[in-house]
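What's in entry-v3.cif: mmCIF, C-alpha atoms and all ligand atoms
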data_work
loop_
_atom_site.label_atom_id
_atom_site.label_comp_id
_atom_site.auth_asym_id
_atom_site.auth_seq_id
_atom_site.Cartn_x
_atom_site.Cartn_y
_atom_site.Cartn_z
CA MET A 1 22.74 20.21 -34.96
CA VAL A 2 24.56 17.73 -32.74
CA ARG A 3 23.97 14.03 -33.28
CA ALA A 4 25.51 11.03 -31.52
CA TYR A 5 25.42 7.39 -32.57
CA TYR A 6 27.28 4.11 -32.36
CA MET A 7 29.46 3.97 -35.45
CA ASN A 8 30.53 1.39 -37.96
CA GLU A 9 34.04 0.71 -36.73
CA SER A 10 35.23 -1.15 -39.82
CA ALA A 11 34.69 1.82 -42.13
CA GLU A 12 37.58 2.90 -44.30
CA ASP A 13 37.04 6.65 -44.71
CA GLN A 14 37.12 8.43 -41.34
CA ARG A 15 35.46 11.54 -42.81
CA LEU A 16 32.23 9.74 -43.74
CA PRO A 17 29.38 9.42 -41.20
CA ASN A 18 30.01 5.68 -40.86
CA GLU A 19 26.57 4.99 -39.41
CA LEU A 20 25.55 1.48 -38.49
CA SER A 21 22.68 0.01 -40.42
CA PRO A 22 20.21 -0.08 -38.90
CA PRO A 23 21.30 3.12 -37.08
CA ARG A 24 21.96 3.12 -33.32
CA PRO A 25 21.50 6.74 -32.20
CA ILE A 26 22.21 7.75 -28.61
CA ASP A 27 20.64 10.77 -26.93
CA LEU A 28 22.67 13.32 -24.98
CA ASP A 29 21.53 12.11 -21.53
CA GLN A 30 22.60 8.57 -22.35
CA LEU A 31 25.84 9.91 -23.81
CA TYR A 32 26.60 11.60 -20.49
CA ARG A 33 25.73 8.53 -18.43
CA ARG A 34 27.74 6.17 -20.60
CA THR A 35 30.81 8.39 -21.10
CA GLY A 36 30.69 11.55 -18.97
CA VAL A 37 30.78 13.69 -22.14
CA MET A 38 28.78 16.91 -21.61
CA TYR A 39 27.00 18.89 -24.28
CA PHE A 40 25.72 22.48 -24.33
CA LYS A 41 24.12 24.49 -27.13
CA ILE A 42 25.64 27.99 -27.23
CA ASP A 43 24.31 31.08 -29.05
CA GLU A 44 26.67 32.88 -31.39
CA SER A 45 26.05 36.12 -29.42
CA ASP A 46 27.86 34.43 -26.50
CA TRP A 47 31.18 34.22 -28.34
CA SER A 48 30.97 37.10 -30.83
CA GLY A 49 30.83 39.89 -28.24
CA GLU A 50 32.71 40.62 -25.05
CA SER A 51 29.74 39.85 -22.83
CA THR A 52 30.18 37.14 -20.20
CA GLU A 53 26.49 37.14 -19.27
CA GLY A 54 25.46 34.28 -21.53
CA LYS A 55 25.56 30.51 -21.07
CA LEU A 56 29.20 30.34 -22.19
CA GLY A 57 30.23 32.84 -19.50
CA GLU A 58 28.22 30.96 -16.91
CA ILE A 59 29.78 27.59 -17.81
CA SER A 60 33.27 29.14 -17.89
CA SER A 61 32.94 30.66 -14.44
CA THR A 62 31.30 27.55 -12.93
CA ARG A 63 33.98 25.25 -14.31
CA GLY A 64 36.90 27.64 -13.88
CA TYR A 65 37.83 28.10 -17.54
CA THR A 66 40.33 30.94 -17.60
CA TYR A 67 42.02 30.35 -20.97
CA LYS A 68 40.52 30.47 -24.44
CA ASP A 69 41.75 30.63 -28.00
CA VAL A 70 40.36 29.85 -31.44
CA CYS A 71 41.74 27.16 -33.69
CA GLU A 72 40.92 26.67 -37.38
CA ILE A 73 41.62 23.53 -39.33
CA SER A 74 41.40 22.93 -43.05
CA ARG A 75 43.64 21.44 -45.73
CA GLU A 76 44.33 24.91 -47.11
CA MET A 77 45.34 26.39 -43.77
CA LEU A 78 47.56 23.53 -42.63
CA GLY A 79 49.21 22.93 -46.00
CA ALA A 80 51.99 20.36 -45.73
CA ASP A 81 51.13 19.66 -42.07
CA TYR A 82 47.56 18.61 -42.87
CA ASP A 83 48.04 14.85 -43.12
CA SER A 84 50.26 14.56 -40.05
CA LYS A 85 47.89 16.73 -37.96
CA MET A 86 44.90 14.64 -39.04
CA LYS A 87 46.75 11.47 -38.04
CA ILE A 88 47.54 12.87 -34.59
CA PHE A 89 43.94 14.01 -34.00
CA PHE A 90 42.53 10.65 -35.11
CA LYS A 91 44.92 8.45 -33.12
CA GLU A 92 43.11 7.16 -30.07
CA HIS A 93 44.31 9.08 -27.01
CA LEU A 94 43.40 10.64 -23.68
CA HIS A 95 44.39 13.82 -21.85
CA ALA A 96 45.17 14.60 -18.22
CA ASP A 97 42.55 17.39 -18.45
CA GLU A 98 39.15 18.02 -20.01
CA GLU A 99 39.06 18.75 -23.74
CA ILE A 100 36.60 21.62 -24.20
CA ARG A 101 35.59 22.64 -27.71
CA LEU A 102 32.99 25.13 -28.90
CA ILE A 103 32.40 24.84 -32.63
CA GLN A 104 32.02 28.28 -34.19
CA ASP A 105 31.98 27.25 -37.83
CA GLY A 106 32.41 24.14 -39.96
CA SER A 107 31.93 20.67 -38.49
CA GLY A 108 33.64 17.45 -37.47
CA TYR A 109 33.40 14.22 -35.51
CA PHE A 110 34.51 13.51 -31.97
CA ASP A 111 34.62 9.76 -31.40
CA VAL A 112 34.56 8.62 -27.77
CA ARG A 113 34.71 5.13 -26.25
CA ASP A 114 31.76 4.04 -24.13
CA SER A 115 32.18 1.91 -21.01
CA SER A 116 32.18 -1.27 -23.15
CA ASP A 117 34.86 0.18 -25.43
CA ALA A 118 32.49 0.74 -28.37
CA TRP A 119 32.98 3.92 -30.42
CA ILE A 120 30.29 6.59 -30.17
CA ARG A 121 30.53 9.22 -32.93
CA ILE A 122 29.42 12.77 -32.13
CA HIS A 123 28.85 15.07 -35.09
CA VAL A 124 29.36 18.68 -34.04
CA SER A 125 28.74 21.94 -35.89
CA LYS A 126 28.15 25.63 -35.16
CA GLY A 127 27.02 26.34 -31.60
CA ASP A 128 27.93 22.91 -30.19
CA LEU A 129 30.04 22.91 -27.01
CA LEU A 130 31.49 19.55 -25.95
CA ILE A 131 33.30 18.79 -22.73
CA VAL A 132 35.26 15.57 -23.16
CA PRO A 133 36.34 14.39 -19.70
CA ALA A 134 39.96 13.83 -18.67
CA GLY A 135 40.99 10.19 -19.05
CA ILE A 136 38.45 9.11 -21.70
CA TYR A 137 39.83 7.50 -24.86
CA HIS A 138 38.79 9.58 -27.87
CA ARG A 139 39.80 10.96 -31.28
CA PHE A 140 38.77 13.71 -33.69
CA THR A 141 38.35 13.99 -37.43
CA LEU A 142 37.07 16.55 -39.89
CA ASP A 143 34.11 15.42 -41.98
CA THR A 144 33.84 15.81 -45.75
CA ASN A 145 33.37 19.59 -45.37
CA ASP A 146 37.05 19.61 -44.42
CA TYR A 147 36.81 22.67 -42.21
CA VAL A 148 36.31 23.49 -38.55
CA LYS A 149 36.74 26.59 -36.42
CA ALA A 150 36.62 25.90 -32.70
CA MET A 151 37.15 27.78 -29.48
CA ARG A 152 39.38 25.85 -27.07
CA LEU A 153 38.89 26.49 -23.36
CA PHE A 154 41.05 25.42 -20.44
CA VAL A 155 41.52 25.75 -16.69
CA GLY A 156 44.81 27.65 -16.31
CA GLU A 157 47.76 27.24 -18.68
CA PRO A 158 46.70 24.91 -21.49
CA VAL A 159 48.23 21.48 -21.99
CA TRP A 160 47.12 19.86 -25.25
CA THR A 161 49.38 16.79 -25.05
CA PRO A 162 47.67 13.63 -26.34
CA ILE A 163 48.56 10.46 -24.45
CA ASN A 164 48.06 7.64 -26.89
CA ARG A 165 46.37 4.40 -25.94
CA PRO A 166 47.37 2.27 -24.09
CA ALA A 167 47.44 4.63 -21.10
CA ASP A 168 45.55 2.50 -18.58
CA GLU A 169 48.01 3.27 -15.77
CA HIS A 170 47.64 7.04 -16.14
CA ASP A 171 46.09 8.70 -13.07
CA ALA A 172 43.53 10.51 -15.25
CA ARG A 173 42.44 7.16 -16.69
CA LYS A 174 41.96 5.60 -13.25
CA GLU A 175 40.04 8.61 -12.01
CA TYR A 176 37.87 8.61 -15.13
CA LEU A 177 36.94 4.94 -14.67
CA ASP A 178 36.07 5.66 -11.05
CA ASN A 179 33.86 8.60 -12.10
CA LEU A 180 32.17 6.41 -14.69
CA LYS A 181 31.17 3.96 -11.94
CA ASN A 182 30.07 6.50 -9.34
CA LYS A 183 29.54 9.98 -10.68
CA PHE A 184 28.20 10.43 -14.21
C1 LIG B 1 41.78 18.18 -30.80
O1 LIG B 1 42.44 18.34 -29.77
O2 LIG B 1 41.38 17.08 -31.19
C2 LIG B 1 41.47 19.32 -31.59
O3 LIG B 1 41.83 20.40 -31.23
C3 LIG B 1 40.72 19.08 -32.81
C4 LIG B 1 40.17 20.29 -33.37
S1 LIG B 1 39.03 21.10 -32.36
C5 LIG B 1 37.52 20.77 -33.13
NI NI B 2 42.09 14.94 -27.58
#
Could I get this file's structure written as structure tokens?
Amino acid sequence: MVRAYYMNESAEDQRLPNELSPPRPIDLDQLYRRTGVMYFKIDESDWSGESTEGKLGEISSTRGYTYKDVCEISREMLGADYDSKMKIFFKEHLHADEEIRLIQDGSGYFDVRDSSDAWIRIHVSKGDLLIVPAGIYHRFTLDTNDYVKAMRLFVGEPVWTPINRPADEHDARKEYLDNLKNKF
């Protein structure tokens, strides 16, 4: 079950929930208006078969997603690369394109900056599809379950390159800030 909230930014362990106390939850409509991040709940039948009739197929054709693969992350699978991969995922960055992730198993946290630069933490697990807009500063971490399996979607040939903050002069950043003012 997805849950979004303003997080405790001074926390030491990135894998813990790091809730504020008292908690400051944010609902998915507010999340969209404050960040442009979109959320969809997807049934397992949409990704386990070949059918493109379901919500996933509909979103893919509406948004032009032509590429998909599945990526699994755990300490066991990454071995010696685990710590360096975790560091890269959790370093604040943006992309020139949307980051689209459908969680098929396991769980994790996407942290996204709101328009006042505060971190919103989004806990995702099975069936959660997030569309993180191009140009938003964000990061990802596993939680204490230490495992996630996610489908990655993309328009055309995928580019996963993270552009670390500061990237305020990047075209995607400027366009994102414009969308935040006028579109979301
Ligand atoms: C990313 O780009 O941050 C990732 O692919 C993280 C794993 S997908 C849940
Ligand atoms: Ni990213």
All residues having an atom within 9 Å of ligand LIG 1 (chain B) (all atoms listed in the file) as a compact mmCIF listing (two decimals) with C-alpha atoms, keeping the file's coordinate frame:
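That gives us out.txt:
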# COMPACT_ATOMS: atom_id res chain seq x y z
CA VAL A 70 40.36 29.85 -31.44
CA CYS A 71 41.74 27.16 -33.69
CA GLU A 72 40.92 26.67 -37.38
CA ILE A 73 41.62 23.53 -39.33
CA MET A 86 44.90 14.64 -39.04
CA ILE A 88 47.54 12.87 -34.59
CA PHE A 89 43.94 14.01 -34.00
CA PHE A 90 42.53 10.65 -35.11
CA GLU A 99 39.06 18.75 -23.74
CA ILE A 100 36.60 21.62 -24.20
CA ARG A 101 35.59 22.64 -27.71
CA LEU A 102 32.99 25.13 -28.90
CA ILE A 103 32.40 24.84 -32.63
CA SER A 107 31.93 20.67 -38.49
CA GLY A 108 33.64 17.45 -37.47
CA TYR A 109 33.40 14.22 -35.51
CA PHE A 110 34.51 13.51 -31.97
CA VAL A 124 29.36 18.68 -34.04
CA HIS A 138 38.79 9.58 -27.87
CA ARG A 139 39.80 10.96 -31.28
CA PHE A 140 38.77 13.71 -33.69
CA THR A 141 38.35 13.99 -37.43
CA LEU A 142 37.07 16.55 -39.89
CA VAL A 148 36.31 23.49 -38.55
CA LYS A 149 36.74 26.59 -36.42
CA ALA A 150 36.62 25.90 -32.70
CA MET A 151 37.15 27.78 -29.48
CA ARG A 152 39.38 25.85 -27.07
CA TRP A 160 47.12 19.86 -25.25
CA THR A 161 49.38 16.79 -25.05
CA PRO A 162 47.67 13.63 -26.34
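Using all atoms listed in the file, the smallest distance between any of A:Val112, A:Ala134, A:Leu177, A:Leu94 and ligand NI 2 (chain B) comes from A:Leu94.
If all atoms listed in the file are the atoms counted, then among A:Met1, A:Leu153, A:Met38, A:Ile26 the closest residue to Gly57 (chain A) is A:Leu153.
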Residue nearest Tyr65 (chain A) among A:Gly156, A:Pro166, A:Pro133, A:Pro22 (counting all atoms listed in the file): A:Gly156
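For the residues A:Leu16, A:Met77, A:Ile136, A:Ala96, ranking by smallest atom-to-atom distance to Ser115 (chain A) using only C-alpha atoms places A:Ile136 first.
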